[in-house]
>>> print(open('data.txt').read())   # compact mmCIF, C-alpha atoms and all ligand atoms
# COMPACT_ATOMS: atom_id res chain seq x y z
CA MET M 1 51.33 148.36 2.38
CA THR M 2 51.87 148.33 6.09
CA ASP M 3 50.05 145.76 8.17
CA LEU M 4 50.72 147.03 11.66
CA ALA M 5 48.77 144.19 13.32
CA LYS M 6 51.46 141.86 12.04
CA LYS M 7 54.08 143.89 13.85
CA ARG M 8 51.97 144.14 17.00
CA PHE M 9 51.64 140.36 17.15
CA ALA M 10 55.37 140.02 16.60
CA GLN M 11 55.87 142.44 19.49
CA LEU M 12 53.36 140.54 21.62
CA GLY M 13 55.25 137.35 20.89
CA GLN M 14 58.50 138.93 22.03
CA GLN M 15 56.82 140.19 25.18
CA LEU M 16 55.32 136.74 25.92
CA GLN M 17 58.76 135.23 25.89
CA TYR M 18 59.41 137.11 29.11
CA ASP M 19 55.89 136.86 30.49
CA GLN M 20 54.94 133.30 29.76
CA LEU M 21 56.08 131.89 33.08
CA SER M 22 53.76 134.17 35.05
CA THR M 23 51.01 133.53 32.50
CA VAL M 24 51.38 129.81 33.03
CA ARG M 25 51.47 130.27 36.80
CA ARG M 26 48.22 132.22 36.70
CA GLN M 27 46.71 129.54 34.52
CA ALA M 28 47.87 126.89 36.99
CA GLU M 29 46.29 128.85 39.86
CA GLY M 30 42.99 128.87 38.01
CA TRP M 31 43.22 125.15 37.47
CA ARG M 32 44.14 124.56 41.09
CA ASN M 33 41.13 126.55 42.30
CA GLY M 34 38.83 124.70 39.93
CA LEU M 35 40.12 121.29 41.00
CA THR M 36 39.92 122.24 44.68
CA GLY M 37 36.32 123.34 44.29
CA LEU M 38 35.38 120.15 42.48
CA THR M 39 37.08 118.00 45.11
CA GLY M 40 35.35 119.83 47.93
CA LEU M 41 31.97 119.44 46.30
CA VAL M 42 32.22 115.68 45.90
CA GLY M 43 33.73 115.36 49.37
CA VAL M 44 30.72 117.12 50.87
CA VAL M 45 28.36 114.84 48.97
CA PHE M 46 30.16 111.83 50.38
CA VAL M 47 30.15 113.10 53.94
CA LEU M 48 26.44 113.81 53.74
CA LYS M 49 25.46 110.65 51.93
CA GLY M 50 27.92 107.88 52.60
CA ARG M 51 28.43 107.43 56.31
CA GLU M 52 25.22 105.67 57.35
CA SER M 53 25.17 103.47 54.24
CA VAL M 54 28.54 101.91 55.07
CA ALA M 55 27.57 100.73 58.55
CA GLY M 56 25.44 97.73 57.57
CA MET M 57 27.43 96.60 54.56
CA PRO M 58 28.97 93.11 54.25
CA GLY M 59 32.65 93.03 55.21
CA VAL M 60 34.13 92.71 51.72
CA TRP M 61 32.25 95.71 50.46
CA ARG M 62 33.02 97.74 53.52
CA TRP M 63 36.71 97.07 52.92
CA THR M 64 36.33 97.90 49.24
CA THR M 65 34.74 101.20 50.15
CA ALA M 66 37.44 101.94 52.70
CA LEU M 67 40.22 101.14 50.22
CA LEU M 68 38.56 103.28 47.56
CA LEU M 69 38.39 106.15 50.00
CA VAL M 70 42.01 105.76 51.05
CA ALA M 71 43.03 105.64 47.38
CA ALA M 72 40.90 108.69 46.70
CA PHE M 73 42.52 110.53 49.58
CA VAL M 74 46.03 109.69 48.37
CA LEU M 75 45.18 110.63 44.78
CA LEU M 76 43.55 113.90 45.76
CA LEU M 77 46.39 114.78 48.11
CA ALA M 78 48.95 114.13 45.38
CA GLY M 79 46.80 116.08 42.93
CA ALA M 80 46.51 119.04 45.28
CA LEU M 81 50.29 119.06 45.86
CA CYS M 82 50.84 118.90 42.11
CA ALA M 83 48.48 121.80 41.57
CA VAL M 84 50.20 123.89 44.23
CA ARG M 85 53.57 123.02 42.77
CA ALA M 86 52.34 124.13 39.36
CA ALA M 87 50.93 127.39 40.64
CA HIS M 88 53.86 128.37 42.83
CA GLY M 89 56.88 126.48 41.56
CA GLN M 90 59.14 123.88 43.06
CA LEU M 91 60.87 124.83 46.28
CA GLY M 92 64.62 124.95 46.19
CA GLN M 93 64.94 125.11 42.42
CA GLY M 94 67.68 127.36 41.18
CA THR M 95 69.44 128.42 38.02
CA TRP M 96 72.25 130.71 37.03
CA LEU M 97 70.61 133.99 36.19
CA SER M 98 72.52 134.56 32.99
CA GLY M 99 70.39 135.45 30.00
CA GLU M 100 70.92 132.17 28.19
CA ARG M 101 70.37 129.96 31.21
CA LEU M 102 67.37 132.00 32.27
CA LEU M 103 65.65 131.66 28.92
CA ALA M 104 66.24 127.91 28.98
CA ALA M 105 65.11 127.74 32.63
CA VAL M 106 61.94 129.69 31.88
CA LEU M 107 61.10 127.38 28.99
CA ASP M 108 61.85 124.36 31.19
CA GLU M 109 59.73 125.66 34.03
CA VAL M 110 56.85 126.45 31.69
CA GLU M 111 56.90 122.86 30.49
CA ARG M 112 57.16 121.45 34.00
CA THR M 113 54.33 123.69 35.18
CA GLN M 114 52.16 122.53 32.34
CA SER M 115 52.86 118.88 32.98
CA ALA M 116 52.27 119.38 36.71
CA VAL M 117 48.86 120.88 35.95
CA ILE M 118 48.08 117.95 33.66
CA THR M 119 49.21 115.48 36.33
CA ALA M 120 47.15 117.30 38.95
CA ARG M 121 44.12 117.11 36.70
CA ARG M 122 44.61 113.37 36.10
CA LEU M 123 45.13 112.64 39.80
CA SER M 124 42.09 114.69 40.77
CA ILE M 125 39.92 112.98 38.21
CA ALA M 126 41.11 109.57 39.40
CA GLY M 127 40.52 110.54 43.04
CA LEU M 128 37.07 111.89 42.32
CA SER M 129 36.23 108.75 40.36
CA ALA M 130 37.31 106.65 43.34
CA ILE M 131 35.01 108.67 45.61
CA VAL M 132 32.12 108.36 43.19
CA ILE M 133 32.68 104.60 42.92
CA ALA M 134 32.75 104.39 46.71
CA ILE M 135 29.44 106.27 46.88
CA ALA M 136 27.96 104.00 44.22
CA VAL M 137 29.12 100.93 46.14
CA SER M 138 27.57 102.25 49.34
CA TRP M 139 24.31 102.80 47.49
CA LEU M 140 24.12 99.60 45.48
CA VAL M 141 25.49 96.91 47.78
CA PRO M 142 22.56 95.41 49.74
CA VAL M 143 22.68 96.29 53.39
CA LYS M 144 22.48 93.21 55.63
CA ASN M 145 19.22 93.32 57.55
CA ALA M 146 20.07 92.38 61.11
CA ALA M 147 16.40 91.81 62.03
CA ASP M 148 15.97 89.07 59.44
CA PRO M 149 14.74 86.07 61.49
CA ALA M 150 16.10 83.40 59.11
CA GLY M 151 19.69 84.65 59.15
CA SER M 152 19.86 86.19 62.58
CA GLY M 153 21.03 83.17 64.60
CA LYS M 154 22.76 84.21 67.80
CA ASP M 155 23.36 87.71 66.49
CA GLY M 156 19.70 88.69 66.40
CA PRO M 157 18.38 91.55 68.48
CA TYR M 158 17.41 90.32 71.92
CA VAL M 159 14.34 91.61 73.63
CA LEU M 160 13.23 91.46 77.21
CA VAL M 161 9.47 90.85 77.31
CA VAL M 162 7.85 91.65 80.65
CA THR M 163 4.55 89.84 81.19
CA ASP M 164 2.17 89.31 84.11
CA ARG M 165 3.83 85.97 84.86
CA GLY M 166 7.40 87.14 84.68
CA THR M 167 10.15 88.15 82.29
CA GLU M 168 11.00 86.31 79.07
CA CYS M 169 14.10 86.89 77.03
CA GLY M 170 14.93 85.85 73.46
CA THR M 171 15.42 86.78 69.87
CA LEU M 172 12.57 88.79 68.42
CA VAL M 173 10.91 86.75 65.65
CA VAL M 174 7.82 88.77 64.94
CA GLY M 175 5.77 91.34 66.74
CA ASP M 176 2.30 92.36 65.64
CA ALA M 177 -0.98 93.58 67.08
CA GLY M 178 -1.97 90.11 68.33
CA ALA M 179 1.18 88.80 69.96
CA VAL M 180 4.94 89.02 70.36
CA THR M 181 6.84 85.94 69.24
CA ILE M 182 10.37 85.38 70.52
CA LYS M 183 12.86 82.56 70.10
CA GLN M 184 14.38 81.69 73.40
CA ALA M 185 18.15 81.58 73.16
CA LYS M 186 18.81 79.29 76.14
CA ALA M 187 16.52 76.57 74.80
CA LYS M 188 18.19 76.77 71.40
CA ALA M 189 21.62 76.20 72.85
CA GLU M 190 20.37 73.07 74.65
CA SER M 191 18.64 71.65 71.59
CA ASP M 192 21.73 72.22 69.48
CA LYS M 193 23.66 70.06 71.90
CA GLU M 194 21.12 67.23 72.06
CA ALA M 195 19.76 66.92 68.56
CA PRO M 196 21.45 69.08 65.98
CA GLN M 197 19.68 67.30 63.09
CA LYS M 198 16.28 68.42 64.28
CA THR M 199 17.12 72.07 64.46
CA THR M 200 14.29 73.29 62.23
CA LEU M 201 11.67 71.42 64.23
CA ASP M 202 13.20 72.58 67.47
CA ASP M 203 13.34 76.13 66.18
CA ALA M 204 9.61 76.04 65.66
CA ARG M 205 9.06 74.54 69.13
CA GLN M 206 11.25 77.19 70.77
CA TRP M 207 9.18 79.97 69.32
CA HIS M 208 7.32 81.38 72.23
CA ARG M 209 4.18 83.26 71.39
CA ILE M 210 3.16 85.78 74.02
CA PRO M 211 -0.32 87.25 73.51
CA ALA M 212 -0.31 90.99 73.32
CA ASP M 213 -2.71 91.24 76.24
CA ASP M 214 -0.11 89.67 78.55
CA VAL M 215 2.76 91.88 77.43
CA ARG M 216 3.58 94.72 79.77
CA SER M 217 6.65 95.94 77.93
CA VAL M 218 9.19 94.93 75.28
CA VAL M 219 12.72 96.23 75.85
CA PRO M 220 15.67 95.71 73.49
CA THR M 221 18.68 94.26 75.21
CA ASP M 222 22.25 93.20 74.35
CA GLY M 223 21.79 89.58 75.35
CA CYS M 224 19.95 87.15 77.63
CA MET W 1 79.59 145.99 8.00
CA PRO W 2 77.50 148.83 6.60
CA ASP W 3 77.07 151.94 8.64
CA HIS W 4 73.88 152.59 10.48
CA ALA W 5 71.51 154.94 8.66
CA SER W 6 69.81 157.35 11.03
CA THR W 7 66.42 157.31 9.40
CA ASP W 8 63.42 158.90 11.08
CA PHE W 9 61.34 156.50 13.13
CA HIS W 10 58.50 155.23 11.06
CA GLU W 11 56.52 152.02 11.49
CA HIS W 12 56.43 150.54 8.06
CA GLU W 13 56.44 147.13 6.45
CA THR W 14 59.33 146.43 4.19
CA ALA W 15 61.05 143.45 2.66
CA VAL W 16 64.46 141.88 2.83
CA ARG W 17 66.71 143.34 0.18
CA PRO W 18 67.48 140.87 -2.61
CA ASP W 19 71.22 140.93 -1.93
CA ASP W 20 70.86 140.49 1.84
CA ARG W 21 70.95 137.17 3.57
CA PHE W 22 69.09 136.27 6.75
CA ASP W 23 70.19 133.38 8.89
CA VAL W 24 67.47 131.43 10.63
CA VAL W 25 69.12 129.10 13.12
CA ARG W 26 67.37 126.72 15.43
CA SER W 27 68.86 126.29 18.87
CA ASP W 28 70.43 122.99 19.89
CA ASP W 29 67.49 121.98 22.03
CA GLY W 30 65.06 123.07 19.33
CA ARG W 31 63.16 125.50 21.50
CA TRP W 32 64.02 128.77 19.86
CA TYR W 33 65.07 130.24 16.56
CA THR W 34 67.52 133.03 16.09
CA VAL W 35 66.99 135.22 13.03
CA THR W 36 70.01 137.34 12.13
CA GLY W 37 70.45 139.84 9.31
CA LEU W 38 70.60 143.46 8.27
CA CYS W 39 67.63 145.77 8.77
CA PRO W 40 66.44 146.73 5.27
CA THR W 41 65.85 150.29 6.41
CA CYS W 42 68.59 151.34 8.80
CA ARG W 43 71.19 148.69 7.93
CA ALA W 44 71.88 147.64 11.49
CA THR W 45 72.41 144.01 12.34
CA VAL W 46 69.23 142.69 13.87
CA VAL W 47 69.13 139.57 16.03
CA PHE W 48 65.60 138.39 16.55
CA ARG W 49 64.73 135.49 18.76
CA VAL W 50 61.55 133.46 18.59
CA ALA W 51 60.98 131.06 21.47
CA TYR W 52 58.51 128.23 21.68
CA GLY W 53 55.77 129.13 24.12
CA VAL W 54 52.48 127.86 25.37
CA LEU W 55 48.97 129.16 25.10
CA GLY W 56 47.32 126.30 26.95
CA PRO W 57 48.06 122.80 28.17
CA SER W 58 50.06 121.18 25.42
CA LYS W 59 48.46 118.26 23.65
CA ARG W 60 51.57 116.19 23.60
CA LEU W 61 51.60 112.57 22.53
CA TRP W 62 53.04 110.00 24.89
CA GLY W 63 56.62 109.05 24.30
CA ARG W 64 57.55 112.07 22.28
CA ASP W 65 60.46 114.20 23.38
CA PRO W 66 58.74 117.00 25.26
CA HIS W 67 61.68 119.34 24.87
CA ARG W 68 61.67 119.43 21.12
CA PRO W 69 58.59 121.11 19.67
CA GLU W 70 57.46 120.93 16.08
CA PRO W 71 59.73 122.86 13.75
CA LEU W 72 58.62 126.34 12.85
CA THR W 73 57.34 126.65 9.30
CA GLY W 74 56.29 129.54 7.11
CA SER W 75 57.89 132.82 7.97
CA VAL W 76 58.80 134.96 10.94
CA THR W 77 57.82 138.59 11.19
CA VAL W 78 60.92 140.39 12.34
CA PHE W 79 61.00 143.98 13.49
CA CYS W 80 64.01 146.19 13.83
CA GLN W 81 65.56 146.22 17.26
CA CYS W 82 68.77 147.95 16.30
CA GLY W 83 69.01 149.91 19.52
CA TYR W 84 70.07 153.13 17.86
CA PRO W 85 68.15 156.28 18.65
CA HIS W 86 65.94 157.07 15.71
CA ALA W 87 64.48 160.55 15.46
CA GLU W 88 60.74 160.99 15.86
CA ARG W 89 60.34 157.81 17.90
CA PRO W 90 57.59 158.48 20.46
CA PRO W 91 58.85 158.04 24.04
CA GLU W 92 56.01 155.66 24.87
CA SER W 93 56.83 153.34 21.98
CA PRO W 94 58.15 149.94 23.02
CA ASP W 95 60.23 149.90 19.84
CA THR W 96 63.99 149.96 20.05
CA GLY W 97 64.65 150.34 16.35
CA CYS W 98 63.74 152.27 13.26
CA GLY W 99 60.20 150.92 13.14
CA ALA W 100 60.68 148.68 10.14
CA PHE W 101 59.37 145.13 10.06
CA TRP W 102 59.56 142.44 7.43
CA ASP W 103 59.09 138.75 6.88
CA VAL W 104 61.89 136.22 6.94
CA PRO W 105 60.97 132.82 5.52
CA VAL W 106 61.88 129.78 7.58
CA SER W 107 63.09 126.78 5.65
CA GLY W 108 62.29 123.25 6.72
CA THR W 109 65.76 122.56 8.05
CA GLY W 110 65.94 125.82 9.94
CA ALA W 111 69.34 126.61 8.40
CA GLY W 112 70.39 129.79 6.62
CA GLN W 113 67.85 131.22 4.26
CA GLY W 114 68.23 133.66 1.42
CA ALA W 115 65.86 136.53 0.85
CA ALA W 116 64.63 135.65 -2.61
CA SER W 117 61.97 133.01 -2.00
ZN ZN X 301 68.35 151.65 13.39
ZN ZN X 302 66.17 149.40 11.43
>>> encode(input="data.txt", output="structure tokens")
Amino acid sequence: MTDLAKKRFAQLGQQLQYDQLSTVRRQAEGWRNGLTGLTGLVGVVFVLKGRESVAGMPGVWRWTTALLLVAAFVLLLAGALCAVRAAHGQLGQGTWLSGERLLAAVLDEVERTQSAVITARRLSIAGLSAIVIAIAVSWLVPVKNAADPAGSGKDGPYVLVVTDRGTECGTLVVGDAGAVTIKQAKAKAESDKEAPQKTTLDDARQWHRIPADDVRSVVPTDGC
Amino acid sequence: MPDHASTDFHEHETAVRPDDRFDVVRSDDGRWYTVTGLCPTCRATVVFRVAYGVLGPSKRLWGRDPHRPEPLTGSVTVFCQCGYPHAERPPESPDTGCGAFWDVPVSGTGAGQGAAS
């Protein structure tokens, strides 16, 4: 009985001993392309989705996001270098080209290529996870609303209200169909100096309600 | 050392002769085996090497020596690579021997192994 398939596989095995380095390199190229595509995809999502969300975030979270992104960049860069190294070999690596040394060197390089691909995959996954976490942070952390009258203080948006009688300037409290209410910044500074314990009362007194009929224009401004 | 028998090329499965002895030796770093013995058909000394290779990313456990793979078990299919010109060998054949192939059992230790097992 002659099972020729058995011999063919034995022959294939012998052939693979010479070919396995290029086989592994091709495999590494495929992995590199896959990882690059994945990285690019998530990067695009972040560029499209993340930028405007970061702007209004509280400082701690903004720093967290920035650190995550820097970590992601470092991880992805290292991963990409690993993948390239796997696909194309280490620069400046040499061996004596004797049969024995070459066989050992090929086996060594196959192992190193494999571990470089595995490292590249781990680094890419870690980097992508960091990007995804950064996106999640930018989505989930509440954005500080600068127009909130209770927390605005001196940082609130100032408006210049032009009326028939003149120009008034202050922090916008509320604006509706009936009137525009502003808090005048100058008066607040004075009341803080004189009676800091009565701030809430004073706040209410400083609120200046301008009937909508009197208002000619409302212009946002940097300060009063 | 027996003389080489110039048999006609013929791909056929055979078996190690009962009085022959095949040596299966593992290399020092454990990454290849060398099988040495006489071809049952043409009586040339055949040295057959089986290296450890990869078919995909290896599923290695942490902390294990990556350079020493699992020992080979079972048997190795060896084919004749005697290098002599055998009549009737087609020019396109990758074979470099008489066409014979046979199994050589590999013992657990990887040391010399007789034929009768
Ligand atoms: Zn022969
Ligand atoms: Zn032979």
>>> atom_distance(input="data.txt", atom1="CA of Leu128 (chain M)", atom2="CA of Ser22 (chain M)")
28.8 Å
>>> residues_around(input="data.txt", residues="region 43-53 of chain W", least_positions_apart="3", cutoff="7 Å", atoms="only C-alpha atoms", output="PyMOL selection string")
(chain M and resi 17) or (chain W and resi 2-5+31-40+78+80-82)
>>> interface_residues(input="data.txt", of="chain M", to="chain W", cutoff="7 Å", atoms="only C-alpha atoms", output="PyMOL selection string")
chain M and resi 1-3+7+10+17+114
>>> residues_around(input="data.txt", residues="Val141 (chain M)", least_positions_apart="6", cutoff="9 Å", atoms="all atoms listed in the file", output="NGL selection string")
:M and (57-58 or 61)
>>> closest_residue(input="data.txt", among="W:Val24, W:Cys42, W:Ala87, W:Val104", to="ligand ZN 301 (chain X)", atoms="only C-alpha atoms and all ligand atoms")
W:Cys42
>>> atom_distance(input="data.txt", atom1="CA of Ser115 (chain M)", atom2="CA of Thr95 (chain M)")
19.8 Å
>>> closest_residue(input="data.txt", among="W:Asp19, W:Pro105, W:Gly30, W:Asp8", to="ligand ZN 302 (chain X)", atoms="all atoms listed in the file")
W:Asp8
>>> atom_distance(input="data.txt", atom1="CA of Thr73 (chain W)", atom2="CA of Ser107 (chain W)")
6.8 Å
>>> closest_residue(input="data.txt", among="M:Val60, M:Ala104, M:Ala130, M:Val117", to="Ala80 (chain M)", atoms="only C-alpha atoms")
M:Val117
>>> closest_residue(input="data.txt", among="W:Tyr84, W:Ser27, W:Ser93, W:Arg68", to="Asp108 (chain M)", atoms="all atoms listed in the file")
W:Arg68
>>> residues_near_point(input="data.txt", point="(40.5, 108.8, 38.4)", cutoff="12 Å", atoms="all atoms listed in the file", output="number ranges by chain")
M: 39, 68, 71-76, 79, 119-133
>>> write_last_selection(input="data.txt", atoms="C-alpha atoms", output="PDB file, in the coordinates of the input")
ATOM      1  CA  THR M  39      37.080 118.000  45.110  1.00  0.00           C
ATOM      2  CA  LEU M  68      38.560 103.280  47.560  1.00  0.00           C
ATOM      3  CA  ALA M  71      43.030 105.640  47.380  1.00  0.00           C
ATOM      4  CA  ALA M  72      40.900 108.690  46.700  1.00  0.00           C
ATOM      5  CA  PHE M  73      42.520 110.530  49.580  1.00  0.00           C
ATOM      6  CA  VAL M  74      46.030 109.690  48.370  1.00  0.00           C
ATOM      7  CA  LEU M  75      45.180 110.630  44.780  1.00  0.00           C
ATOM      8  CA  LEU M  76      43.550 113.900  45.760  1.00  0.00           C
ATOM      9  CA  GLY M  79      46.800 116.080  42.930  1.00  0.00           C
ATOM     10  CA  THR M 119      49.210 115.480  36.330  1.00  0.00           C
ATOM     11  CA  ALA M 120      47.150 117.300  38.950  1.00  0.00           C
ATOM     12  CA  ARG M 121      44.120 117.110  36.700  1.00  0.00           C
ATOM     13  CA  ARG M 122      44.610 113.370  36.100  1.00  0.00           C
ATOM     14  CA  LEU M 123      45.130 112.640  39.800  1.00  0.00           C
ATOM     15  CA  SER M 124      42.090 114.690  40.770  1.00  0.00           C
ATOM     16  CA  ILE M 125      39.920 112.980  38.210  1.00  0.00           C
ATOM     17  CA  ALA M 126      41.110 109.570  39.400  1.00  0.00           C
ATOM     18  CA  GLY M 127      40.520 110.540  43.040  1.00  0.00           C
ATOM     19  CA  LEU M 128      37.070 111.890  42.320  1.00  0.00           C
ATOM     20  CA  SER M 129      36.230 108.750  40.360  1.00  0.00           C
ATOM     21  CA  ALA M 130      37.310 106.650  43.340  1.00  0.00           C
ATOM     22  CA  ILE M 131      35.010 108.670  45.610  1.00  0.00           C
ATOM     23  CA  VAL M 132      32.120 108.360  43.190  1.00  0.00           C
ATOM     24  CA  ILE M 133      32.680 104.600  42.920  1.00  0.00           C
TER      25      ILE M 133
END
>>> closest_residue(input="data.txt", among="M:Val42, M:Glu29, M:Cys82, M:Val106", to="Leu16 (chain M)", atoms="all atoms listed in the file")
M:Val106
>>> closest_residue(input="data.txt", among="W:Thr7, W:Ala15, W:Arg26, W:Val106", to="ligand ZN 302 (chain X)", atoms="only C-alpha atoms and all ligand atoms")
W:Thr7
